[in-house]
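S.K.: File query18.txt below, compact mmCIF, C-alpha atoms and all ligand atoms:
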# COMPACT_ATOMS: atom_id res chain seq x y z
CA MET A 42 -1.95 21.69 69.52
CA GLU A 43 1.49 21.65 67.96
CA TYR A 44 0.73 18.36 66.24
CA TYR A 45 -2.48 19.75 64.80
CA TYR A 46 -0.90 22.92 63.42
CA SER A 47 2.24 21.38 62.03
CA HIS A 48 0.26 18.77 60.12
CA LYS A 49 -2.40 21.10 58.81
CA LYS A 50 -2.07 21.72 55.07
CA ILE A 51 -2.64 24.92 53.17
CA GLN A 52 -2.86 25.66 49.44
CA ILE A 53 -1.16 28.77 48.07
CA ALA A 54 -1.24 30.26 44.56
CA VAL A 55 2.50 30.71 43.93
CA LEU A 56 4.59 32.24 41.13
CA GLU A 57 1.76 34.73 40.52
CA LYS A 58 4.14 37.21 38.90
CA TYR A 59 5.08 34.65 36.28
CA LYS A 60 1.69 33.26 35.33
CA LYS A 61 1.65 35.00 31.96
CA LEU A 62 5.21 34.16 30.94
CA PRO A 63 6.24 31.19 28.87
CA PHE A 64 8.79 29.35 30.95
CA ALA A 65 9.79 25.91 32.07
CA ILE A 66 9.91 24.54 35.58
CA ILE A 67 12.50 21.92 36.30
CA ALA A 68 12.55 20.05 39.57
CA MET A 69 16.11 19.38 40.68
CA GLU A 70 17.60 17.08 43.25
CA ASN A 71 18.67 18.91 46.37
CA ASN A 72 22.07 17.26 46.60
CA THR A 73 23.13 16.69 42.99
CA GLY A 74 21.54 19.70 41.27
CA ARG A 75 20.54 17.40 38.43
CA PRO A 76 17.00 17.41 37.03
CA VAL A 77 14.76 14.86 38.75
CA ASN A 78 12.91 14.02 35.60
CA SER A 79 12.85 15.82 32.29
CA ASN A 80 9.08 15.29 32.14
CA ALA A 81 8.57 17.05 35.47
CA VAL A 82 7.61 20.29 33.78
CA PHE A 83 3.88 20.32 34.43
CA ARG A 84 3.38 18.31 37.52
CA LEU A 85 5.81 18.11 40.38
CA THR A 86 5.40 16.11 43.53
CA GLY A 87 7.80 15.30 46.27
CA LYS A 88 9.02 16.14 49.71
CA LYS A 89 11.41 18.99 49.10
CA ARG A 90 12.83 19.99 45.78
CA ILE A 91 14.64 22.93 44.28
CA LEU A 92 12.59 24.55 41.58
CA SER A 93 14.41 26.66 39.09
CA PHE A 94 12.67 28.35 36.24
CA SER A 95 13.16 31.16 33.83
CA ARG A 96 11.45 32.89 30.99
CA ASN A 97 13.81 31.21 28.59
CA LYS A 98 16.37 29.20 30.40
CA PHE A 99 18.64 28.85 27.40
CA ILE A 100 18.90 32.48 26.33
CA TYR A 101 18.40 34.32 29.60
CA SER A 102 20.37 31.98 31.77
CA ASN A 103 21.47 34.83 34.01
CA GLU A 104 17.82 35.56 34.84
CA LEU A 105 17.27 32.18 36.45
CA LEU A 106 15.16 32.47 39.53
CA THR A 107 15.48 29.78 42.15
CA ARG A 108 12.82 29.10 44.71
CA PHE A 109 12.82 26.49 47.45
CA TYR A 110 9.40 24.98 48.10
CA SER A 111 8.26 22.08 50.22
CA GLY A 112 5.15 20.03 49.56
CA LYS A 113 3.51 19.49 46.22
CA LEU A 114 3.38 21.92 43.31
CA VAL A 115 0.84 21.50 40.56
CA ALA A 116 1.04 23.65 37.43
CA GLU A 117 -2.02 23.92 35.20
CA GLU A 118 -2.59 25.94 32.09
CA ASN A 119 -5.79 27.94 31.84
CA ASN A 120 -6.50 30.25 28.87
CA GLY A 121 -2.84 30.86 28.22
CA GLU A 122 -2.02 31.53 31.89
CA TRP A 123 -0.29 29.31 34.37
CA ILE A 124 -1.92 28.48 37.66
CA PHE A 125 0.60 27.16 40.17
CA THR A 126 -0.89 25.66 43.31
CA LEU A 127 1.44 24.69 46.11
CA THR A 128 0.16 22.42 48.88
CA LEU A 129 2.36 22.59 51.96
CA SER A 130 2.17 22.42 55.74
CA LEU A 131 0.88 25.46 57.60
CA GLN A 132 4.13 25.44 59.59
CA ASP A 133 6.22 25.71 56.42
CA TYR A 134 3.91 28.36 54.99
CA ILE A 135 4.13 30.66 58.00
CA THR A 136 7.89 30.10 58.23
CA GLY A 137 8.10 31.09 54.55
CA VAL A 138 6.04 34.27 55.09
CA LEU A 139 8.33 35.32 57.97
CA TYR A 140 11.35 34.59 55.79
CA SER A 141 9.88 36.67 52.94
CA GLU A 142 8.69 39.58 55.08
CA TYR A 143 11.61 39.95 57.52
CA SER A 144 15.37 39.70 57.41
CA ALA A 145 17.27 36.97 59.29
CA ASP A 146 18.43 39.33 62.08
CA THR A 147 14.87 40.22 63.14
CA PRO A 148 14.23 39.74 66.89
CA PRO A 149 12.26 36.51 67.50
CA GLU A 150 9.46 38.28 69.40
CA ALA A 151 8.66 40.42 66.34
CA LEU A 152 8.61 37.27 64.18
CA LYS A 153 6.30 35.55 66.68
CA ALA A 154 3.93 38.52 66.59
CA LEU A 155 3.66 38.33 62.79
CA ALA A 156 3.34 34.52 62.96
CA ALA A 157 0.36 34.90 65.33
CA VAL A 158 -1.26 37.32 62.87
CA MET A 159 -0.67 34.81 60.06
CA LEU A 160 -2.15 32.00 62.14
CA PHE A 161 -5.34 34.00 62.69
CA ARG A 162 -5.54 35.10 59.05
CA THR A 163 -5.09 31.54 57.82
CA ALA A 164 -7.68 30.09 60.18
CA HIS A 165 -10.33 32.72 59.41
CA SER A 166 -9.90 33.58 55.74
CA ASP A 167 -11.90 32.12 52.88
CA ASN A 168 -10.05 30.84 49.83
CA ARG A 169 -9.15 34.06 48.03
CA HIS A 170 -7.67 32.54 44.86
CA GLY A 171 -9.77 29.70 43.49
CA ARG A 172 -8.94 26.68 45.56
CA ALA A 173 -5.90 28.40 47.06
CA LYS A 174 -6.26 30.38 50.26
CA PHE A 175 -3.75 33.10 49.46
CA CYS A 176 -1.50 34.26 46.64
CA ASP A 177 2.23 34.87 47.11
CA LEU A 178 2.15 38.65 46.55
CA THR A 179 1.44 41.64 48.78
CA HIS A 180 -2.23 41.34 47.74
CA CYS A 181 -2.39 38.62 50.42
CA GLN A 182 1.10 38.40 51.95
CA VAL A 183 4.46 37.84 50.36
CA PHE A 184 5.58 34.21 50.22
CA GLN A 185 8.81 33.46 48.37
CA GLY A 186 9.14 29.86 49.43
CA ILE A 187 10.88 28.43 52.44
CA PRO A 188 14.47 29.30 53.37
CA ALA A 189 17.08 27.06 51.76
CA ASP A 190 18.97 26.98 55.04
CA ASN A 191 16.52 26.44 57.89
CA SER A 192 19.07 27.54 60.46
CA ILE A 193 18.94 31.21 59.43
CA ILE A 194 15.32 31.91 60.29
CA TYR A 195 13.03 31.44 63.23
CA ARG A 196 10.60 28.59 62.84
CA PRO A 197 7.55 29.42 64.95
CA ALA A 198 5.98 26.89 67.33
CA LEU A 199 2.48 27.59 66.09
CA GLY A 200 0.72 25.83 68.97
CA GLU A 201 2.06 28.47 71.37
CA LEU A 202 0.93 31.45 69.32
CA SER A 203 -2.75 31.65 70.07
CA TYR A 204 -3.81 35.27 70.63
CA ARG A 205 -7.24 36.80 71.10
CA PHE A 206 -7.69 39.38 68.34
CA ILE A 207 -10.59 41.29 69.86
CA GLY A 208 -12.99 42.62 67.24
CA TYR A 209 -11.34 40.79 64.35
CA SER A 210 -13.15 38.17 62.30
CA LYS A 211 -13.45 36.61 58.86
CA SER A 212 -14.80 39.89 57.48
CA ASN A 213 -12.22 41.98 59.33
CA LEU A 214 -8.91 40.10 59.30
CA PRO A 215 -5.96 41.62 61.15
CA VAL A 216 -3.61 43.22 58.62
CA PHE A 217 -0.02 44.46 58.68
CA HIS A 218 2.24 46.69 56.64
CA SER A 219 5.90 47.60 56.33
CA THR A 220 6.19 51.11 57.79
CA CYS A 221 3.45 53.39 59.08
CA GLY A 222 5.68 56.48 59.04
CA GLY A 223 4.48 57.43 62.51
CA VAL A 224 0.69 57.35 62.26
CA LEU A 225 -1.57 54.29 62.42
CA PHE A 226 -5.03 54.42 60.82
CA SER A 227 -8.07 52.44 61.92
CA GLU A 228 -9.68 49.66 59.86
CA GLN A 229 -12.41 52.19 59.04
CA LEU A 230 -10.12 53.26 56.19
CA TRP A 231 -11.87 50.61 54.07
CA ASN A 232 -15.28 50.94 55.63
CA GLN A 233 -16.36 54.52 55.25
CA ASN A 234 -19.57 53.86 53.28
CA GLY A 235 -19.45 57.31 51.73
CA SER A 236 -19.35 58.99 55.10
CA TYR A 237 -16.19 60.87 55.98
CA SER A 238 -17.26 62.15 59.34
CA HIS A 239 -15.18 60.13 61.77
CA SER A 240 -11.48 60.15 62.45
CA LEU A 241 -9.40 57.50 60.74
CA ILE A 242 -6.37 58.16 62.84
CA LYS A 243 -6.00 55.52 65.52
CA LYS A 244 -2.80 56.60 67.21
CA LYS A 245 0.86 57.41 66.83
CA ASP A 246 3.39 54.63 66.44
CA CYS A 247 5.32 55.48 69.57
CA LEU A 248 5.61 54.84 73.30
CA ALA A 249 5.59 57.48 76.00
CA ASP A 250 8.92 58.98 74.94
CA GLY A 251 7.32 60.12 71.65
CA LYS A 252 10.05 58.65 69.43
CA ILE A 253 8.45 57.12 66.34
CA LEU A 254 9.10 53.37 66.46
CA CYS A 255 9.59 52.82 62.71
CA SER A 256 11.87 55.80 62.10
CA ALA A 257 14.79 53.48 61.18
CA SER A 258 12.88 52.15 58.18
CA PRO A 259 14.37 53.03 54.76
CA HIS A 260 10.80 53.94 53.76
CA PHE A 261 10.33 56.49 56.51
CA PHE A 262 10.52 59.49 54.13
CA TRP A 263 9.59 59.65 50.47
CA ASN A 264 8.61 62.33 48.02
CA ARG A 265 7.37 62.62 44.45
CA THR A 266 6.89 65.40 41.95
CA VAL A 267 4.27 64.79 39.30
CA ASN A 268 3.01 66.97 36.48
CA LYS A 269 -0.54 68.16 37.14
CA SER A 270 -1.88 67.04 33.77
CA VAL A 271 -0.47 63.55 34.32
CA LEU A 272 -2.22 63.13 37.66
CA HIS A 273 -5.45 64.69 36.37
CA GLY A 274 -5.40 62.29 33.42
CA ILE A 275 -4.99 59.26 35.66
CA LEU A 276 -7.89 60.31 37.89
CA SER A 277 -10.13 61.26 34.96
CA GLU A 278 -9.57 57.86 33.39
CA ALA A 279 -10.34 56.07 36.66
CA LEU A 280 -13.55 58.05 37.09
CA ALA A 281 -14.66 57.59 33.48
CA ASN A 282 -16.91 54.67 34.38
CA SER A 283 -18.57 56.52 37.23
CA ASP A 284 -21.18 59.27 37.41
CA PHE A 285 -18.50 61.79 36.47
CA GLN A 286 -17.79 60.50 33.01
CA ASN A 287 -18.36 63.80 31.24
CA SER A 288 -16.26 65.95 33.52
CA GLY A 289 -12.49 65.63 33.63
CA VAL A 290 -10.42 66.30 36.69
CA ILE A 291 -9.12 69.88 36.72
CA GLY A 292 -7.55 70.15 40.13
CA ILE A 293 -6.69 68.59 43.43
CA THR A 294 -6.99 70.68 46.54
CA ASP A 295 -3.86 70.86 48.67
CA PHE A 296 -4.13 67.95 51.02
CA ASP A 297 -2.58 66.73 54.25
CA SER A 298 -3.40 63.36 55.83
CA LEU A 299 -3.04 64.96 59.26
CA GLU A 300 -4.19 68.52 58.73
CA ASN A 301 -7.85 68.14 59.56
CA GLU A 302 -8.31 68.28 63.32
CA SER A 303 -10.88 65.51 63.27
CA GLY A 304 -8.38 63.37 61.38
CA VAL A 305 -10.75 62.96 58.46
CA ILE A 306 -8.85 61.83 55.43
CA GLU A 307 -10.25 62.78 52.10
CA ILE A 308 -9.20 64.15 48.77
CA GLU A 309 -11.23 66.71 46.91
CA LEU A 310 -11.22 66.58 43.17
CA THR A 311 -12.40 69.71 41.46
CA ILE A 312 -14.79 68.15 39.02
CA LYS A 313 -17.70 68.79 41.25
CA LYS A 314 -15.43 68.73 44.24
CA ILE A 315 -15.96 65.10 44.96
CA ARG A 316 -14.34 63.43 47.90
CA MET A 317 -12.29 60.33 47.56
CA ASN A 318 -11.06 57.84 50.08
CA ILE A 319 -7.30 58.25 50.37
CA ASP A 320 -6.57 54.54 49.96
CA ARG A 321 -8.61 54.46 46.75
CA PHE A 322 -6.71 57.50 45.49
CA ARG A 323 -3.39 55.80 46.25
CA LEU A 324 -4.35 52.59 44.44
CA ILE A 325 -5.68 54.45 41.38
CA VAL A 326 -2.44 56.42 41.06
CA ASN A 327 -0.22 53.40 41.74
CA ARG A 328 -2.00 51.25 39.18
CA LYS A 329 -0.64 53.64 36.54
CA MET A 330 2.57 54.89 38.10
CA GLY A 331 3.87 51.73 39.81
CA TRP A 332 3.02 50.05 43.11
CA HIS A 333 5.56 51.97 45.14
CA TYR A 334 4.78 55.39 43.67
CA LEU A 335 2.57 56.60 46.52
CA LYS A 336 4.16 54.42 49.15
CA SER A 337 1.71 54.99 51.99
CA ASN A 338 -1.50 56.76 52.99
CA LEU A 339 0.38 59.33 55.05
CA PHE A 340 1.30 62.23 52.77
CA THR A 341 0.74 65.83 51.77
CA ILE A 342 -0.02 67.17 48.30
CA LYS A 343 0.91 70.76 47.43
CA GLN A 344 0.50 72.51 44.10
CA SER A 345 3.46 74.36 42.70
CA GLY A 346 3.30 75.72 39.16
CA ALA A 347 2.68 72.90 36.72
CA ASN A 348 3.38 70.21 39.33
CA TYR A 349 2.16 68.58 42.48
CA HIS A 350 4.74 67.93 45.17
CA ILE A 351 3.90 64.93 47.30
CA TYR A 352 5.74 64.32 50.58
CA GLY A 353 5.06 61.12 52.48
CA ASN A 354 6.09 58.81 55.28
CA GLY A 355 5.97 55.03 55.37
CA LEU A 356 5.22 52.08 53.12
CA GLY A 357 1.83 50.38 53.06
CA HIS A 358 -1.73 51.20 54.07
CA ASN A 359 -1.00 52.32 57.66
CA VAL A 360 -3.51 49.85 59.18
CA GLY A 361 -2.68 47.16 61.75
CA LEU A 362 0.82 46.08 62.72
CA CYS A 363 3.72 48.24 61.52
CA GLN A 364 6.54 45.76 60.83
CA TYR A 365 9.43 48.13 61.50
CA GLY A 366 7.65 49.35 64.62
CA ALA A 367 7.19 45.76 65.83
CA VAL A 368 10.94 45.15 65.42
CA GLU A 369 11.71 48.24 67.50
CA LEU A 370 9.26 47.18 70.22
CA ALA A 371 10.98 43.76 70.34
CA ARG A 372 14.39 45.47 70.59
CA ARG A 373 13.04 47.43 73.53
CA GLY A 374 12.17 44.18 75.28
CA ARG A 375 8.48 43.76 74.49
CA ASN A 376 7.28 40.22 73.95
CA TRP A 377 5.08 39.17 71.05
CA ARG A 378 1.84 39.51 73.03
CA GLN A 379 2.70 43.05 74.07
CA ILE A 380 3.52 43.86 70.44
CA LEU A 381 0.11 42.55 69.32
CA ASP A 382 -1.60 44.41 72.18
CA PHE A 383 0.07 47.60 70.96
CA TYR A 384 -1.15 47.27 67.37
CA TYR A 385 -4.45 45.37 67.67
CA SER A 386 -5.95 46.19 71.02
CA PRO A 387 -9.17 48.20 70.73
CA LYS A 388 -8.03 50.18 73.75
CA LEU A 389 -4.79 52.05 74.24
CA PRO A 390 -2.11 49.46 74.88
CA PRO A 391 -1.05 48.60 78.42
CA ILE A 392 2.59 49.24 77.57
CA HIS A 393 4.50 51.82 79.55
CA ASN A 394 7.84 53.24 78.77
CA ASN A 395 10.64 51.97 80.95
ZN ZN A 401 -3.90 37.47 46.94
ZN ZN A 402 5.35 52.58 62.30
How does this structure look as structure tokens?
Ligand SMILES: [Zn+2]
Ligand SMILES: [Zn+2]

M.R.:
Amino acid sequence: MEYYYSHKKIQIAVLEKYKKLPFAIIAMENNTGRPVNSNAVFRLTGKKRILSFSRNKFIYSNELLTRFYSGKLVAEENNGEWIFTLTLSLQDYITGVLYSEYSADTPPEALKALAAVMLFRTAHSDNRHGRAKFCDLTHCQVFQGIPADNSIIYRPALGELSYRFIGYSKSNLPVFHSTCGGVLFSEQLWNQNGSYSHSLIKKKDCLADGKILCSASPHFFWNRTVNKSVLHGILSEALANSDFQNSGVIGITDFDSLENESGVIEIELTIKKIRMNIDRFRLIVNRKMGWHYLKSNLFTIKQSGANYHIYGNGLGHNVGLCQYGAVELARRGRNWRQILDFYYSPKLPPIHNN
């Protein structure tokens, strides 16, 4: 098992944030720091190299970004954009995701839980980016290369991390997010089919003592104040290609992710009073205002004069494993299987408070 996993290869679309920038890649020797080959700009092969690149390495030398990758990196130009495809071992990839998603002091059982999720996602996902399985951004999962110093991060033994994700499949991969803010939503968030009749709230992120597991996260509270006309403009523009193209948005009803007793999550827009999936609303707003503007799907909107006040909890979509919650469960002595049972079991988890 271990042999199979550690030798399995995976292709990842890396440096996605930099695909539109003119820059040079230089492969450098690990020990000397000297360039391997001055012609190594477009095609790099080798066991383990330091890649350093910048938008303009001569003028913006202080903006040099260094990434450590293993495997083989191929850079191709396509219609003025770079496509960087990294081929590396599955073991190195999952190690790199853990390194990118968690800090070095994370309890090993929380890292193992996320590694098991990654193992399932990798085995069951189609290629989502051309010939690459995943990209290196939050769209798939963050991958910033492998740690330069292997001693600082847990390297999972993938063969030991097989877990039965009941009800999950290629069309319903297990997902994770940074901080739920206290409330976990079901996968139905993305599967409402125009019907908003069932509850999206799966459960609270807590054990029997009621203390929210991810409350130590720096993203636990957030708030925004936005001018009404700004938010109306963003929504009107997003709806311009739909059936509502001749009617602008003139209002948003006060909203609370938790207010409705049935847990139905919807946003009414006063064009014709349409209802919008909360995750769609969040993405529409964030596309204009920045990806961390509405940080999660758990928030309230209240009108006040010319503004909307938005108060929220958490970071991410609120579905699947809550990373800060998983760390807290590990600190309270839960092993990786119990952590996965807590976040992915279709039933209430068999975890009891000590
Ligand atoms: Zn992606
Ligand atoms: Zn949480």

S.K.: Have a look at A:Val158, A:Gln132, A:Ile187, A:His260 and name the one nearest to Ser111 (chain A); count only C-alpha atoms.

M.R.: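 Of all the options, A:Ile187 lies closest to Ser111 (chain A).
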
S.K.: Write as JSON, numbers by chain the residues around ligand ZN 401 (chain A), taking 7 Å as the cut-off and counting all atoms listed in the file.

M.R.: {"A": [169, 170, 175, 176, 177, 178, 180, 181]}

S.K.: Point out the residue among A:Glu278, A:Glu369, A:Glu300, A:Asp295 with the least atom-to-atom distance to Lys343 (chain A), counting all atoms listed in the file.

M.R.: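 Checking each of A:Glu278, A:Glu369, A:Glu300, A:Asp295 against Lys343 (chain A), counting all atoms listed in the file, the winner is A:Asp295.
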
S.K.: Name the residues, by chain letter and number, that sit within 9 Å of ligand ZN 402 (chain A) using only C-alpha atoms and all ligand atoms, and give them as a PyMOL selection string.

M.R.: chain A and resi 218-225+245-247+253-256+258+261+355+359+362-367

S.K.: Can you measure CA of Lys243 (chain A) to CA of Asp382 (chain A) for me? One decimal in Å is fine.

M.R.: 13.7 Å

S.K.: Write out as a list of chain:residue names which residues come within 10 Å of Leu160 (chain A) when counting all atoms listed in the file, dropping same-chain ones fewer than 6 positions away.

M.R.: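 After dropping sequence-adjacent residues, the list is A:Tyr46, A:Leu131, A:Gln132, A:Ile135, A:Ala154, A:Leu199, A:Gly200, A:Leu202, A:Ser203, A:Tyr204.
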
S.K.: Take every atom of region 326-345 of chain A listed in the file, pad by 5 Å on each side, and give me the axis-aligned box centre and edge lengths in Å, one decimal, as JSON.

M.R.:
{"center_x": 1.6, "center_y": 62.2, "center_z": 45.8, "size_x": 18.0, "size_y": 34.3, "size_z": 28.5}

S.K.: Mind writing region 160-177 of chain A to a file for me, with N, CA and C atoms, as a PDB file, in the first residue's frame?

M.R.:
ATOM      1  N   LEU A 160      -6.329  12.370   0.092  1.00  0.00           N
ATOM      2  CA  LEU A 160      -6.145  11.078  -0.569  1.00  0.00           C
ATOM      3  C   LEU A 160      -7.415  10.687  -1.323  1.00  0.00           C
ATOM      4  N   PHE A 161      -8.556  10.859  -0.674  1.00  0.00           N
ATOM      5  CA  PHE A 161      -9.835  10.539  -1.316  1.00  0.00           C
ATOM      6  C   PHE A 161     -10.088  11.472  -2.498  1.00  0.00           C
ATOM      7  N   ARG A 162      -9.868  12.753  -2.288  1.00  0.00           N
ATOM      8  CA  ARG A 162     -10.112  13.732  -3.367  1.00  0.00           C
ATOM      9  C   ARG A 162      -9.239  13.429  -4.588  1.00  0.00           C
ATOM     10  N   THR A 163      -7.984  13.099  -4.333  1.00  0.00           N
ATOM     11  CA  THR A 163      -7.063  12.823  -5.431  1.00  0.00           C
ATOM     12  C   THR A 163      -7.471  11.566  -6.192  1.00  0.00           C
ATOM     13  N   ALA A 164      -7.871  10.547  -5.452  1.00  0.00           N
ATOM     14  CA  ALA A 164      -8.221   9.274  -6.094  1.00  0.00           C
ATOM     15  C   ALA A 164      -9.515   9.373  -6.887  1.00  0.00           C
ATOM     16  N   HIS A 165     -10.419  10.259  -6.490  1.00  0.00           N
ATOM     17  CA  HIS A 165     -11.750  10.261  -7.101  1.00  0.00           C
ATOM     18  C   HIS A 165     -12.049  11.458  -7.997  1.00  0.00           C
ATOM     19  N   SER A 166     -11.134  12.404  -8.084  1.00  0.00           N
ATOM     20  CA  SER A 166     -11.417  13.594  -8.897  1.00  0.00           C
ATOM     21  C   SER A 166     -10.959  13.409 -10.338  1.00  0.00           C
ATOM     22  N   ASP A 167     -11.718  13.978 -11.252  1.00  0.00           N
ATOM     23  CA  ASP A 167     -11.251  14.081 -12.640  1.00  0.00           C
ATOM     24  C   ASP A 167     -10.156  15.135 -12.706  1.00  0.00           C
ATOM     25  N   ASN A 168      -9.479  15.222 -13.862  1.00  0.00           N
ATOM     26  CA  ASN A 168      -8.538  16.323 -14.058  1.00  0.00           C
ATOM     27  C   ASN A 168      -9.331  17.613 -14.202  1.00  0.00           C
ATOM     28  N   ARG A 169      -9.086  18.561 -13.313  1.00  0.00           N
ATOM     29  CA  ARG A 169      -9.887  19.790 -13.316  1.00  0.00           C
ATOM     30  C   ARG A 169      -9.222  20.926 -14.070  1.00  0.00           C
ATOM     31  N   HIS A 170      -7.962  20.758 -14.446  1.00  0.00           N
ATOM     32  CA  HIS A 170      -7.234  21.835 -15.141  1.00  0.00           C
ATOM     33  C   HIS A 170      -6.432  21.247 -16.298  1.00  0.00           C
ATOM     34  N   GLY A 171      -7.106  21.015 -17.425  1.00  0.00           N
ATOM     35  CA  GLY A 171      -6.417  20.425 -18.565  1.00  0.00           C
ATOM     36  C   GLY A 171      -5.905  19.045 -18.191  1.00  0.00           C
ATOM     37  N   ARG A 172      -4.602  18.849 -18.338  1.00  0.00           N
ATOM     38  CA  ARG A 172      -4.074  17.544 -17.979  1.00  0.00           C
ATOM     39  C   ARG A 172      -3.680  17.471 -16.504  1.00  0.00           C
ATOM     40  N   ALA A 173      -3.795  18.609 -15.810  1.00  0.00           N
ATOM     41  CA  ALA A 173      -3.486  18.603 -14.373  1.00  0.00           C
ATOM     42  C   ALA A 173      -4.749  18.315 -13.563  1.00  0.00           C
ATOM     43  N   LYS A 174      -4.556  17.599 -12.464  1.00  0.00           N
ATOM     44  CA  LYS A 174      -5.701  17.235 -11.637  1.00  0.00           C
ATOM     45  C   LYS A 174      -6.249  18.435 -10.879  1.00  0.00           C
ATOM     46  N   PHE A 175      -5.365  19.170 -10.249  1.00  0.00           N
ATOM     47  CA  PHE A 175      -5.777  20.322  -9.447  1.00  0.00           C
ATOM     48  C   PHE A 175      -4.915  21.533  -9.780  1.00  0.00           C
ATOM     49  N   CYS A 176      -5.408  22.722  -9.396  1.00  0.00           N
ATOM     50  CA  CYS A 176      -4.565  23.918  -9.424  1.00  0.00           C
ATOM     51  C   CYS A 176      -3.984  24.115  -8.020  1.00  0.00           C
ATOM     52  N   ASP A 177      -3.190  25.163  -7.854  1.00  0.00           N
ATOM     53  CA  ASP A 177      -2.530  25.373  -6.552  1.00  0.00           C
ATOM     54  C   ASP A 177      -3.197  26.467  -5.726  1.00  0.00           C
TER      55      ASP A 177
END
